[in-house]
$ cat data_12.json   # JSON, C-alpha atoms
[["chain", "number", "residue", "atom", "x", "y", "z"],
["O", 957, "MET", "CA", 24.99, -34.67, -13.40],
["O", 958, "PRO", "CA", 24.94, -33.42, -9.77],
["O", 959, "ALA", "CA", 23.11, -30.16, -9.07],
["O", 960, "VAL", "CA", 21.53, -29.89, -12.52],
["O", 961, "CYS", "CA", 17.88, -28.93, -12.06],
["O", 962, "ARG", "CA", 15.25, -27.90, -14.58],
["O", 963, "TRP", "CA", 11.95, -27.44, -12.74],
["O", 964, "ALA", "CA", 8.63, -25.77, -13.51],
["O", 965, "VAL", "CA", 5.56, -25.28, -11.32],
["O", 966, "ARG", "CA", 2.27, -24.29, -12.89],
["O", 967, "VAL", "CA", 0.49, -21.73, -10.71],
["O", 968, "ASP", "CA", -2.30, -20.27, -12.84],
["O", 969, "ASN", "CA", -4.61, -23.13, -11.82],
["O", 970, "TRP", "CA", -3.64, -23.05, -8.12],
["O", 971, "HIS", "CA", -5.94, -21.03, -5.84],
["O", 972, "PRO", "CA", -5.18, -21.88, -2.20],
["O", 973, "GLU", "CA", -7.64, -21.32, 0.61],
["O", 974, "GLN", "CA", -6.43, -19.17, 3.52],
["O", 975, "GLU", "CA", -5.43, -22.10, 5.75],
["O", 976, "GLU", "CA", -3.26, -23.65, 3.03],
["O", 977, "TRP", "CA", -1.74, -20.26, 2.19],
["O", 978, "ASN", "CA", -0.90, -19.53, 5.84],
["O", 979, "PHE", "CA", 0.69, -22.97, 6.25],
["O", 980, "LEU", "CA", 3.03, -22.40, 3.31],
["O", 981, "LEU", "CA", 3.97, -18.92, 4.50],
["O", 982, "ARG", "CA", 4.92, -20.32, 7.92],
["O", 983, "LEU", "CA", 7.55, -22.49, 6.23],
["O", 984, "LEU", "CA", 9.47, -19.30, 5.45],
["O", 985, "SER", "CA", 11.13, -16.72, 7.67],
["O", 986, "SER", "CA", 9.18, -13.61, 8.68],
["O", 987, "GLU", "CA", 11.42, -11.54, 6.41],
["O", 988, "VAL", "CA", 10.66, -13.69, 3.35],
["O", 989, "GLU", "CA", 6.98, -13.86, 4.29],
["O", 990, "ALA", "CA", 6.86, -10.05, 4.30],
["O", 991, "GLU", "CA", 8.49, -9.99, 0.87],
["O", 992, "VAL", "CA", 5.79, -12.29, -0.50],
["O", 993, "GLN", "CA", 2.95, -10.30, 1.08],
["O", 994, "ARG", "CA", 4.33, -7.04, -0.27],
["O", 995, "TYR", "CA", 2.91, -7.75, -3.74],
["O", 996, "LYS", "CA", -0.37, -5.99, -4.47],
["O", 997, "PHE", "CA", -1.98, -8.64, -6.66],
["O", 998, "GLU", "CA", -2.83, -12.14, -5.49],
["O", 999, "ALA", "CA", -1.40, -13.81, -8.61],
["O", 1000, "ASP", "CA", 1.97, -12.10, -8.00],
["O", 1001, "ARG", "CA", 1.96, -13.22, -4.37],
["O", 1002, "ARG", "CA", 1.33, -16.82, -5.47],
["O", 1003, "ARG", "CA", 4.19, -16.73, -7.96],
["O", 1004, "CYS", "CA", 6.56, -15.17, -5.43],
["O", 1005, "LEU", "CA", 5.71, -17.73, -2.73],
["O", 1006, "VAL", "CA", 6.28, -20.68, -5.05],
["O", 1007, "SER", "CA", 9.56, -19.15, -6.21],
["O", 1008, "LYS", "CA", 10.80, -18.91, -2.61],
["O", 1009, "LEU", "CA", 9.82, -22.52, -1.89],
["O", 1010, "LEU", "CA", 11.35, -23.77, -5.15],
["O", 1011, "GLN", "CA", 14.69, -22.12, -4.38],
["O", 1012, "ARG", "CA", 14.77, -23.75, -0.95],
["O", 1013, "LYS", "CA", 13.92, -27.15, -2.36],
["O", 1014, "CYS", "CA", 16.86, -26.79, -4.75],
["O", 1015, "VAL", "CA", 19.34, -25.90, -1.99],
["O", 1016, "ARG", "CA", 18.04, -28.66, 0.27],
["O", 1017, "ASP", "CA", 18.20, -31.31, -2.46],
["O", 1018, "VAL", "CA", 21.68, -30.35, -3.70],
["O", 1019, "CYS", "CA", 23.40, -29.30, -0.48],
["O", 1020, "SER", "CA", 21.48, -31.34, 2.14],
["O", 1021, "VAL", "CA", 20.89, -28.23, 4.26],
["O", 1022, "PRO", "CA", 17.91, -28.45, 6.66],
["O", 1023, "PHE", "CA", 15.03, -26.39, 5.28],
["O", 1024, "SER", "CA", 14.93, -24.04, 8.27],
["O", 1025, "GLU", "CA", 18.68, -23.31, 8.00],
["O", 1026, "ILE", "CA", 18.80, -22.39, 4.31],
["O", 1027, "ASN", "CA", 20.28, -18.94, 3.76],
["O", 1028, "ILE", "CA", 19.44, -17.40, 0.39],
["O", 1029, "ARG", "CA", 20.80, -13.94, -0.32],
["O", 1030, "ARG", "CA", 20.90, -11.65, -3.34],
["O", 1031, "THR", "CA", 23.65, -9.82, -5.14],
["O", 1032, "LYS", "CA", 23.45, -6.05, -5.63],
["O", 1033, "GLY", "CA", 21.97, -6.82, -9.07],
["O", 1034, "GLY", "CA", 19.28, -9.02, -7.50],
["O", 1035, "LYS", "CA", 20.66, -12.47, -8.40],
["O", 1036, "PRO", "CA", 19.72, -15.04, -5.70],
["O", 1037, "PHE", "CA", 22.34, -17.44, -4.36],
["O", 1038, "CYS", "CA", 22.93, -19.93, -1.57],
["O", 1039, "ALA", "CA", 25.04, -18.36, 1.17],
["O", 1040, "ASN", "CA", 25.40, -21.53, 3.30],
["O", 1041, "HIS", "CA", 28.87, -22.35, 1.86],
["O", 1042, "CYS", "CA", 27.94, -26.01, 1.54],
["O", 1043, "HIS", "CA", 28.64, -26.82, -2.12],
["O", 1044, "PRO", "CA", 29.16, -30.54, -2.81],
["O", 1045, "VAL", "CA", 32.54, -31.54, -4.26],
["O", 1046, "ALA", "CA", 30.84, -32.44, -7.54],
["O", 1047, "ALA", "CA", 29.19, -29.00, -7.70],
["O", 1048, "PRO", "CA", 31.97, -26.51, -6.90],
["O", 1049, "ASN", "CA", 30.10, -23.54, -8.38],
["O", 1050, "PHE", "CA", 26.55, -24.55, -7.45],
["O", 1051, "ASN", "CA", 24.19, -21.75, -8.41],
["O", 1052, "PHE", "CA", 20.59, -21.37, -9.47],
["O", 1053, "ASN", "CA", 18.22, -18.87, -10.97],
["O", 1054, "VAL", "CA", 14.45, -18.44, -10.98],
["O", 1055, "SER", "CA", 11.81, -16.73, -13.09],
["O", 1056, "HIS", "CA", 8.05, -16.38, -12.94],
["O", 1057, "GLU", "CA", 5.55, -14.96, -15.37],
["O", 1058, "GLY", "CA", 2.08, -15.88, -16.51],
["O", 1059, "GLY", "CA", 1.22, -19.43, -15.50],
["O", 1060, "TYR", "CA", 4.66, -20.72, -14.49],
["O", 1061, "VAL", "CA", 7.43, -20.44, -11.92],
["O", 1062, "VAL", "CA", 10.69, -21.98, -13.18],
["O", 1063, "LEU", "CA", 14.14, -22.79, -11.80],
["O", 1064, "ALA", "CA", 17.46, -23.86, -13.32],
["O", 1065, "ALA", "CA", 20.51, -24.94, -11.31],
["O", 1066, "GLU", "CA", 24.04, -25.80, -12.38],
["O", 1067, "PRO", "CA", 27.15, -27.25, -10.68],
["O", 1068, "ILE", "CA", 29.90, -25.47, -12.65],
["O", 1069, "CYS", "CA", 28.59, -22.91, -15.17],
["O", 1070, "ILE", "CA", 26.73, -19.82, -14.06],
["O", 1071, "CYS", "CA", 23.09, -19.99, -15.13],
["O", 1072, "GLY", "CA", 20.22, -17.65, -15.83],
["O", 1073, "ILE", "CA", 16.62, -18.46, -16.65],
["O", 1074, "ASP", "CA", 13.62, -16.60, -17.98],
["O", 1075, "VAL", "CA", 10.06, -17.67, -18.71],
["O", 1076, "ALA", "CA", 8.11, -15.49, -21.13],
["O", 1077, "ALA", "CA", 4.33, -15.62, -21.11],
["O", 1078, "PRO", "CA", 2.08, -14.63, -24.02],
["O", 1079, "SER", "CA", 1.03, -11.00, -23.95],
["O", 1080, "GLU", "CA", -2.54, -11.81, -22.93],
["O", 1081, "ALA", "CA", -1.21, -13.47, -19.76],
["O", 1082, "ARG", "CA", 0.75, -10.32, -18.84],
["O", 1083, "SER", "CA", -1.61, -7.51, -19.81],
["O", 1084, "ALA", "CA", -5.31, -6.92, -20.25],
["O", 1085, "LYS", "CA", -4.46, -5.06, -23.43],
["O", 1086, "THR", "CA", -3.92, -7.11, -26.58],
["O", 1087, "GLN", "CA", -0.52, -6.39, -28.12],
["O", 1088, "THR", "CA", 0.47, -6.68, -31.77],
["O", 1089, "PRO", "CA", 3.94, -7.04, -33.33],
["O", 1090, "ALA", "CA", 3.73, -3.33, -34.25],
["O", 1091, "ASP", "CA", 3.15, -2.46, -30.57],
["O", 1092, "LEU", "CA", 6.22, -4.47, -29.58],
["O", 1093, "PHE", "CA", 8.37, -2.82, -32.23],
["O", 1094, "ARG", "CA", 7.45, 0.62, -30.92],
["O", 1095, "ALA", "CA", 8.01, -0.35, -27.27],
["O", 1096, "PHE", "CA", 11.20, -2.40, -27.66],
["O", 1097, "ASP", "CA", 12.79, -0.94, -30.79],
["O", 1098, "LYS", "CA", 16.19, -0.21, -29.22],
["O", 1099, "GLN", "CA", 16.44, -3.47, -27.26],
["O", 1100, "PHE", "CA", 16.71, -5.66, -30.37],
["O", 1101, "THR", "CA", 19.15, -5.43, -33.26],
["O", 1102, "ALA", "CA", 18.04, -4.87, -36.85],
["O", 1103, "GLU", "CA", 18.84, -8.51, -37.63],
["O", 1104, "GLU", "CA", 16.69, -9.71, -34.73],
["O", 1105, "TRP", "CA", 13.75, -7.57, -35.84],
["O", 1106, "THR", "CA", 14.11, -8.98, -39.36],
["O", 1107, "CYS", "CA", 13.96, -12.51, -37.92],
["O", 1108, "ILE", "CA", 10.91, -11.68, -35.78],
["O", 1109, "LYS", "CA", 9.02, -10.03, -38.64],
["O", 1110, "ALA", "CA", 9.80, -12.92, -40.99],
["O", 1111, "ALA", "CA", 8.34, -15.51, -38.61],
["O", 1112, "GLY", "CA", 4.97, -15.56, -40.40],
["O", 1113, "SER", "CA", 1.57, -14.70, -38.96],
["O", 1114, "GLU", "CA", 1.10, -12.18, -36.14],
["O", 1115, "ALA", "CA", 0.88, -15.05, -33.65],
["O", 1116, "GLU", "CA", 4.13, -16.54, -34.96],
["O", 1117, "GLN", "CA", 5.84, -13.14, -34.81],
["O", 1118, "MET", "CA", 4.71, -12.73, -31.21],
["O", 1119, "GLN", "CA", 6.15, -16.14, -30.29],
["O", 1120, "GLU", "CA", 9.43, -15.37, -32.06],
["O", 1121, "PHE", "CA", 9.59, -12.13, -30.06],
["O", 1122, "GLN", "CA", 9.03, -14.17, -26.87],
["O", 1123, "ARG", "CA", 11.95, -16.45, -27.74],
["O", 1124, "HIS", "CA", 14.37, -13.59, -28.35],
["O", 1125, "TRP", "CA", 13.22, -11.62, -25.31],
["O", 1126, "SER", "CA", 13.48, -14.66, -23.05],
["O", 1127, "LEU", "CA", 17.04, -15.34, -24.25],
["O", 1128, "LYS", "CA", 18.11, -11.76, -23.52],
["O", 1129, "GLU", "CA", 16.62, -11.90, -20.03],
["O", 1130, "ALA", "CA", 18.25, -15.27, -19.28],
["O", 1131, "PHE", "CA", 21.63, -13.91, -20.39],
["O", 1132, "VAL", "CA", 21.62, -10.82, -18.17],
["O", 1133, "LYS", "CA", 20.20, -12.83, -15.24],
["O", 1134, "ALA", "CA", 23.07, -15.31, -15.55],
["O", 1135, "ARG", "CA", 25.56, -12.42, -15.54],
["O", 1136, "GLY", "CA", 23.77, -10.79, -12.62],
["O", 1137, "ASP", "CA", 23.63, -7.21, -13.84],
["O", 1138, "GLY", "CA", 20.00, -7.29, -14.99],
["O", 1139, "LEU", "CA", 18.81, -3.87, -16.17],
["O", 1140, "GLY", "CA", 22.36, -2.56, -15.98],
["O", 1141, "PHE", "CA", 23.10, -4.26, -19.31],
["O", 1142, "ASP", "CA", 21.90, -2.67, -22.57],
["O", 1143, "LEU", "CA", 19.87, -5.46, -24.20],
["O", 1144, "GLY", "CA", 20.46, -3.94, -27.63],
["O", 1145, "ARG", "CA", 24.13, -4.95, -27.36],
["O", 1146, "VAL", "CA", 23.39, -8.70, -27.42],
["O", 1147, "GLN", "CA", 22.11, -10.40, -30.57],
["O", 1148, "PHE", "CA", 20.78, -13.95, -30.74],
["O", 1149, "GLN", "CA", 20.55, -16.41, -33.59],
["O", 1150, "LEU", "CA", 18.29, -19.41, -33.00],
["O", 1151, "SER", "CA", 18.74, -22.93, -34.35],
["O", 1152, "ALA", "CA", 15.97, -24.91, -36.04],
["O", 1153, "PRO", "CA", 13.74, -26.69, -33.47],
["O", 1154, "LEU", "CA", 14.61, -30.28, -32.54],
["O", 1155, "PRO", "CA", 11.91, -33.02, -32.59],
["O", 1156, "SER", "CA", 11.40, -32.35, -28.86],
["O", 1157, "GLY", "CA", 10.56, -28.72, -29.70],
["O", 1158, "SER", "CA", 13.65, -27.40, -27.92],
["O", 1159, "GLN", "CA", 16.14, -25.07, -29.59],
["O", 1160, "SER", "CA", 19.66, -23.79, -29.05],
["O", 1161, "ALA", "CA", 21.02, -20.33, -29.80],
["O", 1162, "THR", "CA", 24.27, -18.44, -30.20],
["O", 1163, "ALA", "CA", 24.89, -14.87, -29.09],
["O", 1164, "LYS", "CA", 27.06, -11.92, -30.02],
["O", 1165, "VAL", "CA", 27.79, -8.93, -27.81],
["O", 1166, "ASP", "CA", 28.86, -5.81, -29.68],
["O", 1167, "GLY", "CA", 29.33, -8.07, -32.71],
["O", 1168, "ASN", "CA", 31.64, -10.54, -30.94],
["O", 1169, "LEU", "CA", 30.57, -14.19, -30.72],
["O", 1170, "LEU", "CA", 30.30, -15.50, -27.15],
["O", 1171, "LEU", "CA", 32.31, -18.73, -27.40],
["O", 1172, "ARG", "CA", 32.04, -19.56, -23.69],
["O", 1173, "TRP", "CA", 28.26, -19.33, -23.48],
["O", 1174, "ARG", "CA", 25.43, -21.74, -24.38],
["O", 1175, "PHE", "CA", 21.69, -21.07, -24.68],
["O", 1176, "ALA", "CA", 18.70, -23.41, -24.75],
["O", 1177, "ILE", "CA", 15.00, -22.74, -25.32],
["O", 1178, "GLN", "CA", 11.98, -24.92, -24.57],
["O", 1179, "MET", "CA", 8.22, -24.47, -24.74],
["O", 1180, "LEU", "CA", 6.21, -24.93, -21.55],
["O", 1181, "GLY", "CA", 2.70, -25.86, -22.55],
["O", 1182, "GLU", "CA", 1.68, -24.27, -25.82],
["O", 1183, "GLN", "CA", 2.34, -20.60, -25.08],
["O", 1184, "HIS", "CA", 5.14, -20.09, -22.53],
["O", 1185, "VAL", "CA", 8.79, -19.95, -23.62],
["O", 1186, "VAL", "CA", 11.59, -20.76, -21.16],
["O", 1187, "SER", "CA", 15.25, -20.00, -21.88],
["O", 1188, "VAL", "CA", 18.38, -21.04, -19.98],
["O", 1189, "ALA", "CA", 21.76, -19.35, -20.36],
["O", 1190, "LEU", "CA", 25.03, -21.00, -19.26],
["O", 1191, "GLY", "CA", 28.32, -19.12, -19.01],
["O", 1192, "PRO", "CA", 31.73, -18.94, -17.32],
["O", 1193, "PRO", "CA", 31.96, -17.96, -13.64],
["O", 1194, "GLU", "CA", 34.34, -15.08, -14.40],
["O", 1195, "ASP", "CA", 31.56, -13.28, -16.30],
["O", 1196, "VAL", "CA", 29.45, -12.80, -13.17],
["O", 1197, "VAL", "CA", 28.77, -9.18, -12.24],
["O", 1198, "ASP", "CA", 28.87, -9.10, -8.43],
["O", 1199, "ALA", "CA", 29.63, -5.68, -6.96],
["O", 1200, "TRP", "CA", 29.71, -6.95, -3.37],
["O", 1201, "GLY", "CA", 31.70, -10.10, -4.20],
["O", 1202, "VAL", "CA", 29.78, -12.36, -1.82],
["O", 1203, "PHE", "CA", 28.22, -14.53, -4.53],
["O", 1204, "LYS", "CA", 31.55, -14.97, -6.31],
["O", 1205, "GLY", "CA", 33.04, -15.89, -2.95],
["O", 1206, "THR", "CA", 30.91, -19.05, -2.91],
["O", 1207, "PHE", "CA", 32.60, -20.38, -6.07],
["O", 1208, "GLN", "CA", 35.29, -23.00, -5.59],
["O", 1209, "LYS", "CA", 36.40, -23.08, -9.23],
["O", 1210, "THR", "CA", 36.45, -19.61, -10.71],
["O", 1211, "ASN", "CA", 38.79, -19.88, -13.70],
["O", 1212, "LEU", "CA", 37.73, -22.63, -16.07],
["O", 1213, "SER", "CA", 39.69, -23.58, -19.16],
["O", 1214, "LEU", "CA", 37.92, -23.79, -22.51],
["O", 1215, "ALA", "CA", 38.17, -27.59, -22.27],
["O", 1216, "GLU", "CA", 36.53, -27.57, -18.81],
["O", 1217, "MET", "CA", 33.78, -25.30, -20.11],
["O", 1218, "GLN", "CA", 33.25, -27.61, -23.07],
["O", 1219, "ASP", "CA", 32.98, -30.64, -20.77],
["O", 1220, "ALA", "CA", 30.42, -28.79, -18.66],
["O", 1221, "PHE", "CA", 28.41, -27.78, -21.74],
["O", 1222, "GLU", "CA", 28.37, -31.33, -23.11],
["O", 1223, "ALA", "CA", 27.07, -32.91, -19.90],
["O", 1224, "PRO", "CA", 23.53, -34.29, -20.37],
["O", 1225, "ARG", "CA", 20.73, -32.06, -19.16],
["O", 1226, "PRO", "CA", 17.05, -32.90, -18.73],
["O", 1227, "LEU", "CA", 14.08, -31.09, -20.19],
["O", 1228, "PHE", "CA", 11.93, -29.28, -17.64],
["O", 1229, "THR", "CA", 10.12, -31.40, -15.07],
["O", 1230, "THR", "CA", 6.77, -30.11, -13.83],
["O", 1231, "LEU", "CA", 6.44, -30.17, -10.04],
["O", 1232, "THR", "CA", 3.40, -29.69, -7.81],
["O", 1233, "ILE", "CA", 3.15, -27.42, -4.78],
["O", 1234, "SER", "CA", 3.48, -30.50, -2.58],
["O", 1235, "ASP", "CA", 6.72, -31.43, -4.35],
["O", 1236, "VAL", "CA", 8.43, -28.17, -3.37],
["O", 1237, "ILE", "CA", 7.87, -28.40, 0.39],
["O", 1238, "PRO", "CA", 9.82, -30.69, 2.75],
["O", 1239, "ALA", "CA", 8.58, -34.29, 2.72],
["O", 1240, "GLU", "CA", 8.12, -34.21, 6.50],
["O", 1241, "ALA", "CA", 5.70, -31.27, 6.15],
["O", 1242, "ARG", "CA", 3.38, -32.87, 3.59],
["O", 1243, "GLU", "CA", 1.06, -34.59, 6.06],
["O", 1244, "ALA", "CA", 0.45, -31.30, 7.86],
["O", 1245, "TYR", "CA", 0.12, -29.58, 4.48],
["O", 1246, "ALA", "CA", -2.65, -32.00, 3.52],
["O", 1247, "ALA", "CA", -4.39, -31.32, 6.83],
["O", 1248, "ALA", "CA", -4.29, -27.60, 5.98],
["O", 1249, "GLY", "CA", -6.10, -28.29, 2.72],
["O", 1250, "GLY", "CA", -3.13, -28.77, 0.40],
["O", 1251, "ASP", "CA", -3.25, -31.26, -2.45],
["O", 1252, "THR", "CA", -0.61, -33.97, -1.94],
["O", 1253, "VAL", "CA", -1.80, -36.33, -4.70]]

$ encode --input "data_12.json" --output "structure tokens"
Amino acid sequence: MPAVCRWAVRVDNWHPEQEEWNFLLRLLSSEVEAEVQRYKFEADRRRCLVSKLLQRKCVRDVCSVPFSEINIRRTKGGKPFCANHCHPVAAPNFNFNVSHEGGYVVLAAEPICICGIDVAAPSEARSAKTQTPADLFRAFDKQFTAEEWTCIKAAGSEAEQMQEFQRHWSLKEAFVKARGDGLGFDLGRVQFQLSAPLPSGSQSATAKVDGNLLLRWRFAIQMLGEQHVVSVALGPPEDVVDAWGVFKGTFQKTNLSLAEMQDAFEAPRPLFTTLTISDVIPAEAREAYAAAGGDTV
């Protein structure tokens, strides 16, 4: 299916030397470079840089826009989008979303449905302090429903409860990122129910908001490695929250019938493909990247 992307880049084992780092930064505009360098911690700068490159690879691959001409903007709620107005006919509502936490940077892209993505790392990858299920209950009590807490607490051992928490949290984040309102949405309003895992380890989920089942939304969950959970949310274009209207203005098919939504949901989608740093830069830059110390194998 055109414009369907499910990509992941592992960054916890990538430690570029200065020459390689500078080369990759020069692929971006000075404004984006400053955004990357604004992060205090080196690990956050690495994740941000890879996210910027991954987004540009997606736009280039789907829309055939030269790398240097790609224009990525954000909605008022912080949702990134391609502002080049170059959507292919087969991808009238081309949009993408990114997430990075712990050891991974991930991206999902869709041609028709709006999409949101979130990767949730284990607590030890996010904080020096070890967290327990009791800690999470105290910190996030109001952001989960009573039914969700029952499901999390019934998962089994502490480690299993922590992973169940990751799944639910990742789904909530993917949902609000697809909508585009982020922290403006009360996470306690949305409740998820997960399916049993498939042989591949992936799962689906259904959601209710204020007790009402979301019939025009679909949710998928997959493990990355043994400890990271990645969730993707797909929904109708009319549910986008876009105060400035510029993102919505890129859509060519805004009102989809239930049948059109169903066709979009039933289209085959791949599991996540793991890319290297070399994969996310333009092919014509890889020789120079290797000369700067980058790994192109």

$ residues_around --input "data_12.json" --residues "Asn1049 in chain O" --least-positions-apart "3" --cutoff "10 Å" --atoms "all atoms listed in the file" --output "PyMOL selection string"
chain O and resi 959+1043-1046+1052+1066-1070+1193+1203-1210

$ residues_around --input "data_12.json" --residues "Cys1038 in chain O" --least-positions-apart "2" --cutoff "8 Å" --atoms "only C-alpha atoms" --output "tab-separated table (two decimals) with C-alpha atoms, keeping the file's coordinate frame"
chain	number	residue	atom	x	y	z
O	1015	VAL	CA	19.34	-25.90	-1.99
O	1026	ILE	CA	18.80	-22.39	4.31
O	1027	ASN	CA	20.28	-18.94	3.76
O	1028	ILE	CA	19.44	-17.40	0.39
O	1029	ARG	CA	20.80	-13.94	-0.32
O	1036	PRO	CA	19.72	-15.04	-5.70
O	1040	ASN	CA	25.40	-21.53	3.30
O	1041	HIS	CA	28.87	-22.35	1.86
O	1051	ASN	CA	24.19	-21.75	-8.41

$ closest_residue --input "data_12.json" --among "O:Glu1103, O:Asp1251, O:Glu1116, O:Glu989" --to "His971 in chain O" --atoms "only C-alpha atoms"
O:Asp1251

$ closest_residue --input "data_12.json" --among "O:Leu1212, O:Leu1180, O:Leu1092, O:Val967" --to "Ala999 in chain O" --atoms "all atoms listed in the file"
O:Val967

$ atom_distance --input "data_12.json" --atom1 "CA of Leu984 in chain O" --atom2 "CA of Asp1017 in chain O"
16.8 Å

$ residues_near_point --input "data_12.json" --point "(21.6, -13.6, -32.5)" --cutoff "12 Å" --atoms "only C-alpha atoms" --output "MDAnalysis selection string"
chainID O and resid 1100:1108 1123:1125 1127:1128 1143:1151 1160:1170 1175

$ write_last_selection --input "data_12.json" --atoms "C-alpha atoms" --output "short mmCIF file (atom, residue, chain, number, x, y, z; two decimals), keeping the file's coordinate frame"
data_model
loop_
_atom_site.label_atom_id
_atom_site.label_comp_id
_atom_site.auth_asym_id
_atom_site.auth_seq_id
_atom_site.Cartn_x
_atom_site.Cartn_y
_atom_site.Cartn_z
CA PHE O 1100 16.71 -5.66 -30.37
CA THR O 1101 19.15 -5.43 -33.26
CA ALA O 1102 18.04 -4.87 -36.85
CA GLU O 1103 18.84 -8.51 -37.63
CA GLU O 1104 16.69 -9.71 -34.73
CA TRP O 1105 13.75 -7.57 -35.84
CA THR O 1106 14.11 -8.98 -39.36
CA CYS O 1107 13.96 -12.51 -37.92
CA ILE O 1108 10.91 -11.68 -35.78
CA ARG O 1123 11.95 -16.45 -27.74
CA HIS O 1124 14.37 -13.59 -28.35
CA TRP O 1125 13.22 -11.62 -25.31
CA LEU O 1127 17.04 -15.34 -24.25
CA LYS O 1128 18.11 -11.76 -23.52
CA LEU O 1143 19.87 -5.46 -24.20
CA GLY O 1144 20.46 -3.94 -27.63
CA ARG O 1145 24.13 -4.95 -27.36
CA VAL O 1146 23.39 -8.70 -27.42
CA GLN O 1147 22.11 -10.40 -30.57
CA PHE O 1148 20.78 -13.95 -30.74
CA GLN O 1149 20.55 -16.41 -33.59
CA LEU O 1150 18.29 -19.41 -33.00
CA SER O 1151 18.74 -22.93 -34.35
CA SER O 1160 19.66 -23.79 -29.05
CA ALA O 1161 21.02 -20.33 -29.80
CA THR O 1162 24.27 -18.44 -30.20
CA ALA O 1163 24.89 -14.87 -29.09
CA LYS O 1164 27.06 -11.92 -30.02
CA VAL O 1165 27.79 -8.93 -27.81
CA ASP O 1166 28.86 -5.81 -29.68
CA GLY O 1167 29.33 -8.07 -32.71
CA ASN O 1168 31.64 -10.54 -30.94
CA LEU O 1169 30.57 -14.19 -30.72
CA LEU O 1170 30.30 -15.50 -27.15
CA PHE O 1175 21.69 -21.07 -24.68
#

$ closest_residue --input "data_12.json" --among "O:Val1253, O:Met1118, O:Val960, O:Leu1154" --to "Ser1234 in chain O" --atoms "all atoms listed in the file"
O:Val1253

$ residues_around --input "data_12.json" --residues "Gln1218 in chain O" --least-positions-apart "2" --cutoff "12 Å" --atoms "all atoms listed in the file" --output "list of chain:residue names"
O:Ile1068, O:Cys1069, O:Leu1171, O:Arg1172, O:Trp1173, O:Arg1174, O:Leu1190, O:Gly1191, O:Pro1192, O:Leu1212, O:Ser1213, O:Leu1214, O:Ala1215, O:Glu1216, O:Ala1220, O:Phe1221, O:Glu1222, O:Ala1223

$ atom_distance --input "data_12.json" --atom1 "CA of Val1054 in chain O" --atom2 "CA of Pro1022 in chain O"
20.6 Å

$ residues_around --input "data_12.json" --residues "Phe1093 in chain O" --least-positions-apart "3" --cutoff "10 Å" --atoms "all atoms listed in the file" --output "count of residues only"
12

$ residues_around --input "data_12.json" --residues "Val988 in chain O" --least-positions-apart "4" --cutoff "12 Å" --atoms "only C-alpha atoms" --output "list in words"
Leu980, Leu981, Arg982, Leu983, Leu984, Val992, Gln993, Arg994, Arg1001, Cys1004, Leu1005, Val1006, Ser1007, Lys1008, Leu1009, Arg1012, Ile1026, Asn1027, Ile1028 and Arg1029 of chain O

$ atom_distance --input "data_12.json" --atom1 "CA of Phe1131 in chain O" --atom2 "CA of Leu1063 in chain O"
14.4 Å

$ closest_residue --input "data_12.json" --among "O:Glu1194, O:Ala1244, O:Thr1252, O:Ser985" --to "Met1217 in chain O" --atoms "only C-alpha atoms"
O:Glu1194

$ closest_residue --input "data_12.json" --among "O:His1184, O:Thr1230, O:Ile1177, O:Lys1035" --to "Pro1153 in chain O" --atoms "all atoms listed in the file"
O:Ile1177

$ closest_residue --input "data_12.json" --among "O:Val1186, O:Ile1237, O:Arg1135, O:Thr1229" --to "Thr1031 in chain O" --atoms "all atoms listed in the file"
O:Arg1135

$ axis_aligned_box --input "data_12.json" --around "range 1085-1095 of chain O" --padding-each-side "8 Å" --output "lines of an AutoDock Vina configuration file"
center_x = 2.0
center_y = -3.2
center_z = -28.8
size_x = 28.8
size_y = 23.7
size_z = 26.8
